[in-house]
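Data block for work24.txt (compact mmCIF, C-alpha atoms):
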# COMPACT_ATOMS: atom_id res chain seq x y z
CA MET A 25 -97.63 20.65 -65.22
CA ALA A 26 -100.44 21.84 -62.95
CA ASP A 27 -102.33 20.05 -60.17
CA THR A 28 -105.99 20.12 -61.23
CA LYS A 29 -107.54 17.42 -59.05
CA THR A 30 -106.72 14.53 -56.76
CA ALA A 31 -107.31 10.79 -56.76
CA THR A 32 -108.29 8.84 -53.67
CA LEU A 33 -106.69 5.46 -52.98
CA THR A 34 -108.24 3.35 -50.26
CA ILE A 35 -106.21 0.55 -48.64
CA ASP A 36 -107.67 -1.49 -45.77
CA GLY A 37 -110.22 1.21 -45.05
CA LYS A 38 -107.69 4.06 -44.97
CA SER A 39 -107.78 6.67 -47.74
CA TYR A 40 -104.90 8.55 -49.30
CA GLU A 41 -105.18 11.65 -51.46
CA LEU A 42 -102.83 11.61 -54.47
CA PRO A 43 -102.30 14.70 -56.64
CA MET A 44 -103.10 14.47 -60.34
CA HIS A 45 -101.38 16.39 -63.13
CA SER A 46 -102.95 17.40 -66.44
CA PRO A 47 -100.68 17.43 -69.51
CA THR A 48 -101.14 19.65 -72.55
CA ALA A 49 -102.13 16.48 -74.44
CA GLY A 50 -102.84 12.90 -73.37
CA PRO A 51 -104.36 11.40 -70.24
CA ASP A 52 -104.01 12.78 -66.72
CA VAL A 53 -101.39 11.18 -64.49
CA ILE A 54 -101.55 10.29 -60.81
CA ASP A 55 -98.51 11.41 -58.82
CA ILE A 56 -97.45 8.46 -56.64
CA ARG A 57 -94.07 9.77 -55.51
CA LYS A 58 -95.17 10.03 -51.88
CA LEU A 59 -97.29 6.88 -51.88
CA TYR A 60 -94.68 4.62 -50.28
CA GLY A 61 -93.91 7.14 -47.57
CA GLN A 62 -97.60 7.60 -46.77
CA ALA A 63 -99.03 4.13 -47.28
CA GLY A 64 -96.00 1.81 -47.33
CA VAL A 65 -96.90 0.30 -50.72
CA PHE A 66 -95.44 0.36 -54.22
CA THR A 67 -97.26 0.21 -57.53
CA TYR A 68 -96.70 -2.77 -59.86
CA ASP A 69 -96.33 -2.11 -63.58
CA PRO A 70 -94.17 -4.57 -65.57
CA GLY A 71 -92.87 -2.86 -68.69
CA PHE A 72 -93.84 0.55 -67.24
CA THR A 73 -96.66 0.76 -69.81
CA SER A 74 -98.91 2.64 -67.38
CA THR A 75 -96.21 4.72 -65.71
CA ALA A 76 -94.95 8.20 -66.61
CA ALA A 77 -91.30 8.30 -65.56
CA CYS A 78 -90.73 11.91 -66.60
CA ASP A 79 -92.38 15.00 -67.99
CA SER A 80 -91.28 16.04 -71.47
CA THR A 81 -91.94 18.68 -74.12
CA ILE A 82 -90.34 16.87 -77.05
CA THR A 83 -92.58 14.21 -78.60
CA PHE A 84 -96.23 13.24 -78.17
CA ILE A 85 -97.96 10.10 -79.46
CA ASP A 86 -101.69 9.37 -79.51
CA GLY A 87 -101.83 5.77 -80.62
CA ASP A 88 -105.63 5.68 -80.91
CA LYS A 89 -105.69 8.65 -83.28
CA GLY A 90 -102.52 7.65 -85.12
CA GLU A 91 -100.86 10.93 -84.17
CA LEU A 92 -97.14 11.67 -83.73
CA LEU A 93 -95.99 15.21 -82.92
CA HIS A 94 -92.43 16.54 -82.58
CA ARG A 95 -92.52 19.80 -80.60
CA GLY A 96 -96.17 20.02 -81.71
CA TYR A 97 -95.44 19.57 -85.43
CA PRO A 98 -97.21 16.57 -87.07
CA ILE A 99 -94.78 13.98 -88.38
CA ASP A 100 -96.39 13.81 -91.82
CA GLN A 101 -95.82 17.56 -92.31
CA LEU A 102 -92.22 17.32 -91.13
CA ALA A 103 -91.44 14.32 -93.34
CA GLY A 104 -93.26 15.79 -96.33
CA LYS A 105 -92.08 19.40 -96.17
CA SER A 106 -88.94 19.47 -94.02
CA HIS A 107 -85.71 17.49 -93.88
CA TYR A 108 -83.79 15.62 -91.21
CA LEU A 109 -81.38 18.30 -89.95
CA GLU A 110 -84.21 20.83 -89.70
CA VAL A 111 -86.14 18.30 -87.60
CA CYS A 112 -82.98 17.73 -85.55
CA PHE A 113 -82.88 21.44 -84.75
CA ALA A 114 -86.54 21.44 -83.69
CA LEU A 115 -86.05 18.40 -81.45
CA LEU A 116 -82.94 19.88 -79.85
CA TYR A 117 -84.10 23.46 -79.38
CA GLY A 118 -87.89 23.37 -79.37
CA GLU A 119 -88.70 25.38 -82.50
CA LEU A 120 -88.14 25.14 -86.24
CA PRO A 121 -85.08 27.22 -87.18
CA SER A 122 -84.94 30.40 -89.20
CA ALA A 123 -83.07 30.21 -92.50
CA GLU A 124 -80.00 31.71 -90.83
CA GLU A 125 -80.19 29.33 -87.85
CA LEU A 126 -80.60 26.32 -90.12
CA GLU A 127 -77.60 27.25 -92.28
CA LYS A 128 -75.44 27.71 -89.21
CA PHE A 129 -76.62 24.39 -87.74
CA GLU A 130 -76.06 22.46 -90.97
CA ASN A 131 -72.55 23.89 -91.30
CA LEU A 132 -71.79 22.97 -87.71
CA VAL A 133 -72.88 19.37 -88.23
CA THR A 134 -71.11 19.11 -91.59
CA ASN A 135 -67.81 20.28 -90.11
CA HIS A 136 -67.87 17.63 -87.37
CA THR A 137 -68.52 14.50 -89.46
CA MET A 138 -64.94 13.19 -89.40
CA ILE A 139 -63.88 10.96 -86.54
CA HIS A 140 -60.50 10.87 -84.79
CA GLU A 141 -58.07 8.99 -87.03
CA GLN A 142 -57.01 6.68 -84.20
CA MET A 143 -60.59 5.43 -83.91
CA HIS A 144 -60.05 3.55 -87.18
CA ASN A 145 -58.06 1.07 -85.12
CA PHE A 146 -61.17 0.10 -83.18
CA PHE A 147 -62.86 -1.14 -86.32
CA ARG A 148 -59.90 -3.26 -87.28
CA GLY A 149 -60.00 -4.95 -83.89
CA PHE A 150 -63.38 -6.53 -84.70
CA ARG A 151 -63.84 -9.70 -86.72
CA ARG A 152 -64.96 -9.09 -90.27
CA ASP A 153 -68.21 -10.97 -89.60
CA ALA A 154 -69.06 -8.90 -86.51
CA HIS A 155 -72.58 -7.47 -86.59
CA PRO A 156 -72.43 -3.71 -87.35
CA MET A 157 -74.46 -3.01 -84.19
CA ALA A 158 -71.77 -4.69 -82.09
CA THR A 159 -69.22 -2.43 -83.73
CA MET A 160 -71.33 0.68 -83.16
CA VAL A 161 -71.90 -0.07 -79.47
CA GLY A 162 -68.15 -0.38 -78.95
CA VAL A 163 -67.04 2.57 -81.08
CA VAL A 164 -69.66 5.03 -79.80
CA GLY A 165 -68.87 4.09 -76.21
CA ALA A 166 -65.17 4.60 -76.97
CA MET A 167 -65.77 8.18 -78.13
CA SER A 168 -65.52 9.26 -74.49
CA ALA A 169 -61.86 8.17 -74.61
CA PHE A 170 -61.17 10.62 -77.45
CA TYR A 171 -63.37 13.65 -76.84
CA HIS A 172 -62.54 14.63 -73.26
CA ASP A 173 -63.67 18.20 -73.86
CA SER A 174 -67.34 17.16 -74.14
CA THR A 175 -67.90 14.67 -71.32
CA ASP A 176 -68.60 17.05 -68.42
CA ILE A 177 -72.39 16.92 -68.17
CA THR A 178 -72.45 19.87 -65.76
CA ASP A 179 -71.04 22.18 -68.42
CA ALA A 180 -73.73 23.46 -70.83
CA HIS A 181 -71.17 24.16 -73.56
CA GLN A 182 -69.72 20.65 -73.35
CA ARG A 183 -73.22 19.17 -73.53
CA GLU A 184 -73.82 21.17 -76.70
CA VAL A 185 -70.52 20.08 -78.26
CA ALA A 186 -71.26 16.42 -77.46
CA SER A 187 -74.71 16.74 -79.04
CA ILE A 188 -73.38 18.09 -82.32
CA ARG A 189 -70.54 15.56 -82.41
CA LEU A 190 -72.87 12.60 -81.97
CA ILE A 191 -75.33 13.75 -84.64
CA ALA A 192 -72.47 14.53 -87.04
CA LYS A 193 -70.30 11.46 -86.49
CA MET A 194 -72.93 8.74 -86.22
CA PRO A 195 -73.36 8.40 -90.03
CA THR A 196 -69.58 8.14 -90.40
CA ILE A 197 -69.40 5.42 -87.74
CA ALA A 198 -72.34 3.49 -89.22
CA ALA A 199 -70.90 3.68 -92.74
CA MET A 200 -67.47 2.57 -91.52
CA ALA A 201 -69.06 -0.40 -89.71
CA TYR A 202 -70.71 -1.36 -93.01
CA LYS A 203 -67.58 -0.92 -95.10
CA TYR A 204 -65.53 -2.95 -92.65
CA SER A 205 -68.07 -5.79 -92.69
CA ILE A 206 -67.83 -6.14 -96.50
CA GLY A 207 -64.05 -5.71 -96.71
CA GLN A 208 -64.01 -2.36 -98.51
CA PRO A 209 -61.91 0.69 -97.60
CA PHE A 210 -63.38 3.40 -95.42
CA VAL A 211 -64.77 6.42 -97.25
CA TYR A 212 -64.25 9.80 -95.61
CA PRO A 213 -67.19 12.22 -95.28
CA ARG A 214 -67.54 15.07 -97.75
CA ASN A 215 -68.52 18.60 -96.80
CA ASP A 216 -70.14 19.31 -100.18
CA LEU A 217 -72.90 16.73 -99.65
CA ASP A 218 -76.03 16.96 -97.53
CA TYR A 219 -76.50 14.68 -94.53
CA ALA A 220 -78.31 11.81 -96.28
CA SER A 221 -76.26 12.00 -99.49
CA ASN A 222 -73.05 11.98 -97.47
CA PHE A 223 -74.12 8.79 -95.70
CA LEU A 224 -74.99 7.04 -98.97
CA ASN A 225 -71.70 8.14 -100.47
CA MET A 226 -69.74 6.77 -97.51
CA CYS A 227 -71.60 3.46 -97.83
CA PHE A 228 -71.56 2.87 -101.57
CA SER A 229 -68.70 4.78 -103.17
CA VAL A 230 -65.34 3.11 -103.83
CA PRO A 231 -61.96 4.61 -104.77
CA ALA A 232 -61.94 2.88 -108.17
CA GLN A 233 -64.78 4.90 -109.70
CA ASP A 234 -66.98 7.94 -109.26
CA TYR A 235 -70.26 7.56 -107.40
CA HIS A 236 -73.13 10.00 -107.81
CA VAL A 237 -75.91 9.96 -105.23
CA ASN A 238 -79.34 9.84 -106.85
CA PRO A 239 -81.51 12.61 -105.32
CA ILE A 240 -84.53 10.27 -105.10
CA LEU A 241 -82.51 7.82 -102.99
CA ALA A 242 -81.11 10.64 -100.87
CA ARG A 243 -84.61 11.99 -100.25
CA ALA A 244 -85.86 8.53 -99.29
CA MET A 245 -82.96 8.08 -96.89
CA ASP A 246 -83.57 11.51 -95.39
CA ARG A 247 -87.20 10.54 -94.78
CA ILE A 248 -86.15 7.32 -93.08
CA PHE A 249 -83.97 9.42 -90.76
CA THR A 250 -86.79 11.90 -90.13
CA LEU A 251 -89.44 9.26 -89.45
CA HIS A 252 -87.21 7.51 -86.91
CA ALA A 253 -85.79 10.62 -85.21
CA ASP A 254 -87.74 10.24 -81.96
CA HIS A 255 -90.64 8.21 -80.63
CA GLU A 256 -91.38 9.39 -77.11
CA GLN A 257 -90.37 7.20 -74.11
CA ASN A 258 -89.60 3.95 -75.96
CA ALA A 259 -87.25 1.27 -74.59
CA SER A 260 -83.99 2.71 -75.94
CA THR A 261 -84.88 6.29 -75.03
CA SER A 262 -85.78 5.18 -71.52
CA THR A 263 -82.44 3.35 -71.40
CA VAL A 264 -80.59 6.54 -72.34
CA ARG A 265 -82.47 8.46 -69.67
CA LEU A 266 -81.81 5.79 -67.05
CA ALA A 267 -78.10 5.69 -67.86
CA SER A 268 -77.98 9.47 -67.84
CA SER A 269 -79.64 9.64 -64.41
CA SER A 270 -76.48 8.16 -62.89
CA GLY A 271 -74.36 10.98 -64.32
CA ALA A 272 -72.80 8.89 -67.10
CA ASN A 273 -71.09 10.75 -69.96
CA PRO A 274 -73.13 11.34 -73.15
CA PHE A 275 -71.25 8.83 -75.29
CA ALA A 276 -71.83 6.04 -72.76
CA CYS A 277 -75.51 6.95 -72.59
CA ILE A 278 -75.95 6.81 -76.37
CA ALA A 279 -74.02 3.52 -76.53
CA ALA A 280 -76.50 2.15 -73.98
CA GLY A 281 -79.35 3.29 -76.23
CA ILE A 282 -77.78 1.54 -79.22
CA ALA A 283 -77.44 -1.66 -77.21
CA CYS A 284 -81.12 -1.55 -76.26
CA LEU A 285 -82.21 -0.74 -79.81
CA TRP A 286 -80.35 -3.83 -81.01
CA GLY A 287 -83.05 -6.06 -79.52
CA PRO A 288 -85.34 -7.63 -82.15
CA ALA A 289 -88.44 -6.46 -80.25
CA HIS A 290 -87.33 -2.85 -80.72
CA GLY A 291 -85.00 -1.80 -83.50
CA GLY A 292 -85.07 -5.01 -85.51
CA ALA A 293 -88.63 -4.67 -86.79
CA ASN A 294 -87.77 -3.75 -90.39
CA GLN A 295 -85.17 -6.53 -90.46
CA ALA A 296 -87.88 -8.93 -89.28
CA CYS A 297 -90.01 -7.78 -92.23
CA LEU A 298 -87.31 -8.77 -94.69
CA GLU A 299 -86.80 -12.10 -92.94
CA MET A 300 -90.54 -12.70 -93.33
CA LEU A 301 -90.38 -11.91 -97.05
CA LYS A 302 -87.51 -14.38 -97.40
CA GLU A 303 -89.61 -17.00 -95.62
CA ILE A 304 -92.52 -16.43 -98.00
CA GLY A 305 -90.09 -16.77 -100.88
CA ASN A 306 -92.31 -16.08 -103.89
CA VAL A 307 -95.63 -14.45 -104.71
CA ASP A 308 -97.42 -17.76 -105.16
CA ARG A 309 -97.09 -18.52 -101.44
CA ILE A 310 -98.57 -15.22 -100.23
CA PRO A 311 -102.17 -16.54 -99.87
CA GLU A 312 -100.84 -19.33 -97.66
CA PHE A 313 -99.18 -16.90 -95.25
CA ILE A 314 -102.13 -14.50 -95.25
CA ALA A 315 -104.39 -17.42 -94.34
CA ARG A 316 -102.06 -18.35 -91.48
CA ALA A 317 -102.09 -14.78 -90.19
CA LYS A 318 -105.90 -14.84 -90.17
CA ASP A 319 -106.15 -18.24 -88.45
CA LYS A 320 -106.79 -17.66 -84.74
CA ASN A 321 -105.37 -21.11 -83.98
CA ASP A 322 -102.05 -20.24 -85.65
CA ASP A 323 -99.69 -17.92 -83.76
CA TYR A 324 -98.07 -16.76 -87.02
CA ARG A 325 -98.32 -13.05 -87.79
CA LEU A 326 -97.21 -10.88 -90.66
CA MET A 327 -94.31 -8.63 -89.67
CA GLY A 328 -94.63 -4.97 -90.61
CA PHE A 329 -98.41 -4.87 -90.32
CA GLY A 330 -100.04 -3.03 -87.44
CA HIS A 331 -98.13 -1.41 -84.60
CA ARG A 332 -98.01 -1.88 -80.84
CA VAL A 333 -98.43 1.86 -80.20
CA TYR A 334 -100.66 2.92 -83.10
CA LYS A 335 -104.08 1.27 -82.80
CA ASN A 336 -105.45 2.90 -85.94
CA PHE A 337 -102.64 3.53 -88.44
CA ASP A 338 -98.98 4.46 -88.32
CA PRO A 339 -98.82 8.15 -89.33
CA ARG A 340 -95.27 7.65 -90.58
CA ALA A 341 -96.27 4.93 -93.02
CA THR A 342 -98.07 7.16 -95.54
CA VAL A 343 -94.99 9.28 -96.21
CA MET A 344 -92.73 6.23 -96.17
CA LYS A 345 -94.94 4.46 -98.73
CA GLN A 346 -94.57 7.44 -101.06
CA SER A 347 -90.78 7.15 -100.85
CA ALA A 348 -90.95 3.38 -101.30
CA ASP A 349 -92.98 3.81 -104.48
CA GLU A 350 -90.50 6.39 -105.79
CA VAL A 351 -87.48 4.21 -105.02
CA LEU A 352 -89.00 1.10 -106.56
CA GLU A 353 -90.01 3.03 -109.68
CA LEU A 354 -86.41 4.22 -109.98
CA LEU A 355 -84.66 0.93 -109.24
CA GLY A 356 -87.32 -1.56 -110.31
CA VAL A 357 -88.18 -4.90 -108.73
CA ASP A 358 -87.81 -7.27 -111.68
CA ASP A 359 -84.51 -8.71 -110.51
CA ASN A 360 -85.37 -8.80 -106.79
CA PRO A 361 -87.78 -11.56 -105.70
CA LEU A 362 -88.05 -10.12 -102.19
CA LEU A 363 -89.36 -6.81 -103.46
CA GLN A 364 -91.79 -8.59 -105.76
CA VAL A 365 -93.16 -10.48 -102.75
CA ALA A 366 -93.34 -7.25 -100.73
CA MET A 367 -95.35 -5.38 -103.34
CA GLU A 368 -97.78 -8.23 -103.89
CA LEU A 369 -98.16 -8.84 -100.15
CA GLU A 370 -99.00 -5.18 -99.61
CA LYS A 371 -101.56 -5.31 -102.42
CA GLN A 372 -103.30 -8.45 -101.19
CA ALA A 373 -103.29 -7.44 -97.52
CA LEU A 374 -104.77 -3.99 -98.23
CA ALA A 375 -107.50 -5.59 -100.34
CA ASP A 376 -108.44 -8.10 -97.62
CA PRO A 377 -111.33 -6.94 -95.35
CA TYR A 378 -109.80 -8.83 -92.42
CA PHE A 379 -106.76 -6.56 -92.28
CA ALA A 380 -108.87 -3.41 -92.61
CA GLU A 381 -111.19 -4.57 -89.83
CA LYS A 382 -108.27 -5.36 -87.51
CA LYS A 383 -106.46 -2.15 -88.58
CA LEU A 384 -103.43 -4.17 -89.61
CA PHE A 385 -102.07 -1.71 -92.14
CA PRO A 386 -98.44 -1.72 -93.35
CA ASN A 387 -96.34 0.32 -90.91
CA VAL A 388 -93.15 2.36 -91.28
CA ASP A 389 -90.96 -0.69 -90.73
CA PHE A 390 -92.51 -2.49 -93.70
CA TYR A 391 -91.79 0.36 -96.10
CA SER A 392 -88.38 1.32 -94.69
CA GLY A 393 -87.28 -2.31 -94.98
CA ILE A 394 -88.33 -2.35 -98.62
CA ILE A 395 -86.44 0.87 -99.35
CA LEU A 396 -83.23 -0.25 -97.66
CA GLU A 397 -83.38 -3.61 -99.44
CA ALA A 398 -83.88 -1.87 -102.80
CA MET A 399 -80.92 0.43 -102.11
CA GLY A 400 -78.68 -2.57 -101.56
CA PHE A 401 -78.24 -2.53 -97.78
CA PRO A 402 -77.96 -5.95 -96.10
CA THR A 403 -80.46 -6.58 -93.32
CA SER A 404 -77.65 -6.37 -90.77
CA MET A 405 -77.44 -2.62 -91.52
CA PHE A 406 -81.11 -1.87 -90.94
CA THR A 407 -80.79 -1.43 -87.18
CA PRO A 408 -77.56 0.65 -87.36
CA ILE A 409 -79.38 3.04 -89.71
CA PHE A 410 -82.24 3.17 -87.21
CA ALA A 411 -79.72 3.95 -84.43
CA MET A 412 -78.16 6.70 -86.51
CA ALA A 413 -81.56 8.33 -87.09
CA ARG A 414 -82.68 7.96 -83.46
CA THR A 415 -79.49 9.55 -82.07
CA VAL A 416 -80.97 13.05 -82.18
CA GLY A 417 -84.01 11.87 -80.21
CA TRP A 418 -81.82 10.26 -77.58
CA ILE A 419 -79.71 13.41 -77.29
CA SER A 420 -82.75 15.69 -77.07
CA GLN A 421 -84.20 13.56 -74.28
CA TRP A 422 -80.79 13.40 -72.57
CA LYS A 423 -80.40 17.19 -72.64
CA GLU A 424 -83.96 17.72 -71.41
CA GLN A 425 -83.46 15.36 -68.50
CA LEU A 426 -80.21 17.03 -67.38
CA ASP A 427 -82.05 20.38 -67.23
CA ASP A 428 -84.85 18.90 -65.11
CA PRO A 429 -84.61 20.14 -61.49
CA GLN A 430 -86.46 16.98 -60.40
CA LEU A 431 -83.76 14.68 -61.81
CA LYS A 432 -82.98 11.70 -59.59
CA ILE A 433 -81.10 8.51 -60.31
CA GLY A 434 -83.49 5.89 -61.68
CA ARG A 435 -84.31 3.18 -59.15
CA PRO A 436 -87.36 1.04 -60.01
CA ARG A 437 -88.90 -1.04 -57.23
CA GLN A 438 -89.81 -4.72 -57.37
CA LEU A 439 -92.40 -7.26 -56.29
CA TYR A 440 -90.13 -9.67 -54.47
CA GLN A 441 -91.18 -13.34 -54.75
CA GLY A 442 -88.04 -15.07 -53.50
CA PRO A 443 -87.32 -16.82 -50.20
CA THR A 444 -87.41 -14.85 -46.97
CA SER A 445 -84.50 -14.66 -44.54
CA ARG A 446 -82.85 -18.04 -43.81
CA ASP A 447 -79.63 -19.17 -42.15
CA TYR A 448 -76.52 -20.21 -44.03
CA VAL A 449 -75.93 -23.99 -44.04
CA ASN A 450 -72.35 -25.28 -44.05
CA ILE A 451 -71.48 -27.16 -47.22
CA GLU A 452 -70.96 -30.50 -45.45
CA ASN A 453 -74.54 -30.35 -44.18
CA ARG A 454 -76.23 -29.61 -47.51
Can the structure in the file be given as structure tokens, please?
Amino acid sequence: MADTKTATLTIDGKSYELPMHSPTAGPDVIDIRKLYGQAGVFTYDPGFTSTAACDSTITFIDGDKGELLHRGYPIDQLAGKSHYLEVCFALLYGELPSAEELEKFENLVTNHTMIHEQMHNFFRGFRRDAHPMATMVGVVGAMSAFYHDSTDITDAHQREVASIRLIAKMPTIAAMAYKYSIGQPFVYPRNDLDYASNFLNMCFSVPAQDYHVNPILARAMDRIFTLHADHEQNASTSTVRLASSSGANPFACIAAGIACLWGPAHGGANQACLEMLKEIGNVDRIPEFIARAKDKNDDYRLMGFGHRVYKNFDPRATVMKQSADEVLELLGVDDNPLLQVAMELEKQALADPYFAEKKLFPNVDFYSGIILEAMGFPTSMFTPIFAMARTVGWISQWKEQLDDPQLKIGRPRQLYQGPTSRDYVNIENR
């Protein structure tokens, strides 16, 4: 990060020179760290949408171009040619692994997928109808009570152990949350299965019969993990960084990220897509809802079309659509009205000039929701699966922040609009 030029801010006739930094990609940033000390003013940016809170080398997004890079690698290449654990390695360590490094990393993750047996008691303490995200927030936060040898954030080895444990155990925790919610016995992880296949096996196998993971479904699940692995400084990632800035242990930080992701404006997007399909109900009503979405006097909008960040197209959607087509060809849609509505809605929306003009193309949430529905996951599991995939991104950002010599505890400022100083009035005089 080099100073290339300065910006001049003039307040009441007095000018202040502020350094500017040029990134390797993206717009320049104005360094305002000394602004309050020099000028006695803060900046105001609700949502922090114009504020860079950190410098990072992990993920870059250009929403106008529809570009998403992990360590410089385009997401479509990673999702099309790589697999999730290889992407995990790149996010964690900065480069794609050699064959030897990848084998060692995969074995390390595979051998840490079991959770402490006493942690099973946590699940049984929840009501059966508890949302799986509620369970995950509690259980992941409780990991710090079991794994004392990986909570010292000042110890590089302990940070590494915590990173591997979280990536390895999150599928087990998510699958157990699902099994508990439907009243089925927990299924232990298997070391002979790959990461995605192991998760599907823990979710859908039962002791009464053999279960064989279809490779097409495993590949689709792996792509869902890959396409959700990291997404720059989003709300949950920023939450993890903010929690980490206080010195909190890694399990507490990731639990904070899960809690933030639970919000419907963040991690619930693919669930919202399925809720929309349920509202539409059948293919005959699709024109009605498309007309509402195009009516400027109607605040209705189609979920899963367009994206807040990507102003052109979602680069993850192309690969996800390929997997959706493969899954639906395998499983069919004849007995699932929701999937019939989804396929027809996609067809009609893509053929409508209005959606092309407004760049409202189906995004990754639309296709991932379709895939998870076809696989048999209830909508309540969509966000836990998202959390499981995003864990590696949170950890990578957490590790990067702890190595940053400029790390300070997060302390946003405010524009205070409340009453000024006033005297206390005794209760009998109020």
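Counting from CA of Ser80 (chain A), the distance to CA of Leu439 (chain A) is 27.8 Å.
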Practice task
Take CA of Asp88 (chain A) and CA of Tyr334 (chain A) and report the distance between them in Å, one decimal.
Solution key: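 Going from CA of Asp88 (chain A) over to CA of Tyr334 (chain A), I get 6.1 Å.
Note that CA of Ile394 (chain A) and CA of Ala317 (chain A) are 20.4 Å apart.
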Handout entry: Spatial neighbours of Ala315 (chain A), max dist 10 Å, all atoms listed in the file, sep filter under 5 positions, as a VMD selection string
Key = chain A and resid 310 320 322 324 to 325
Practice task
Considering all atoms listed in the file, state which residue in the set A:Ala279, A:Ile188, A:Leu116, A:Leu92 is at the smallest distance from Ala411 (chain A).
Solution key: A:Ala279
Problem - Counting all atoms listed in the file, the option among A:Pro239, A:Pro213, A:Gly149, A:Gly87 closest to Val133 (chain A) - result: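 That would be A:Pro213, the residue with the smallest distance to Val133 (chain A).
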Handout entry: Exercise: Met143 (chain A) partners within 10 Å, only C-alpha atoms, chain neighbours under 6 positions left out, as number ranges by chain
Key = A: 163-164, 166-167, 169-170, 197
Problem - Distance query Arg435 (chain A) at most 12 Å, all atoms listed in the file, self and fewer than 6 positions along chain excluded, as a list in words - result: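 In the requested format, the answer is Ala77, Arg265, Leu266, Ala267, Ser269 and Ser270 of chain A.
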Handout entry: Among the residues A:Cys297, A:Leu426, A:Leu354, A:Met138, the one that comes closest to Tyr391 (chain A) [using all atoms listed in the file]
Key =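 Smallest separation from Tyr391 (chain A) among the options: A:Cys297.
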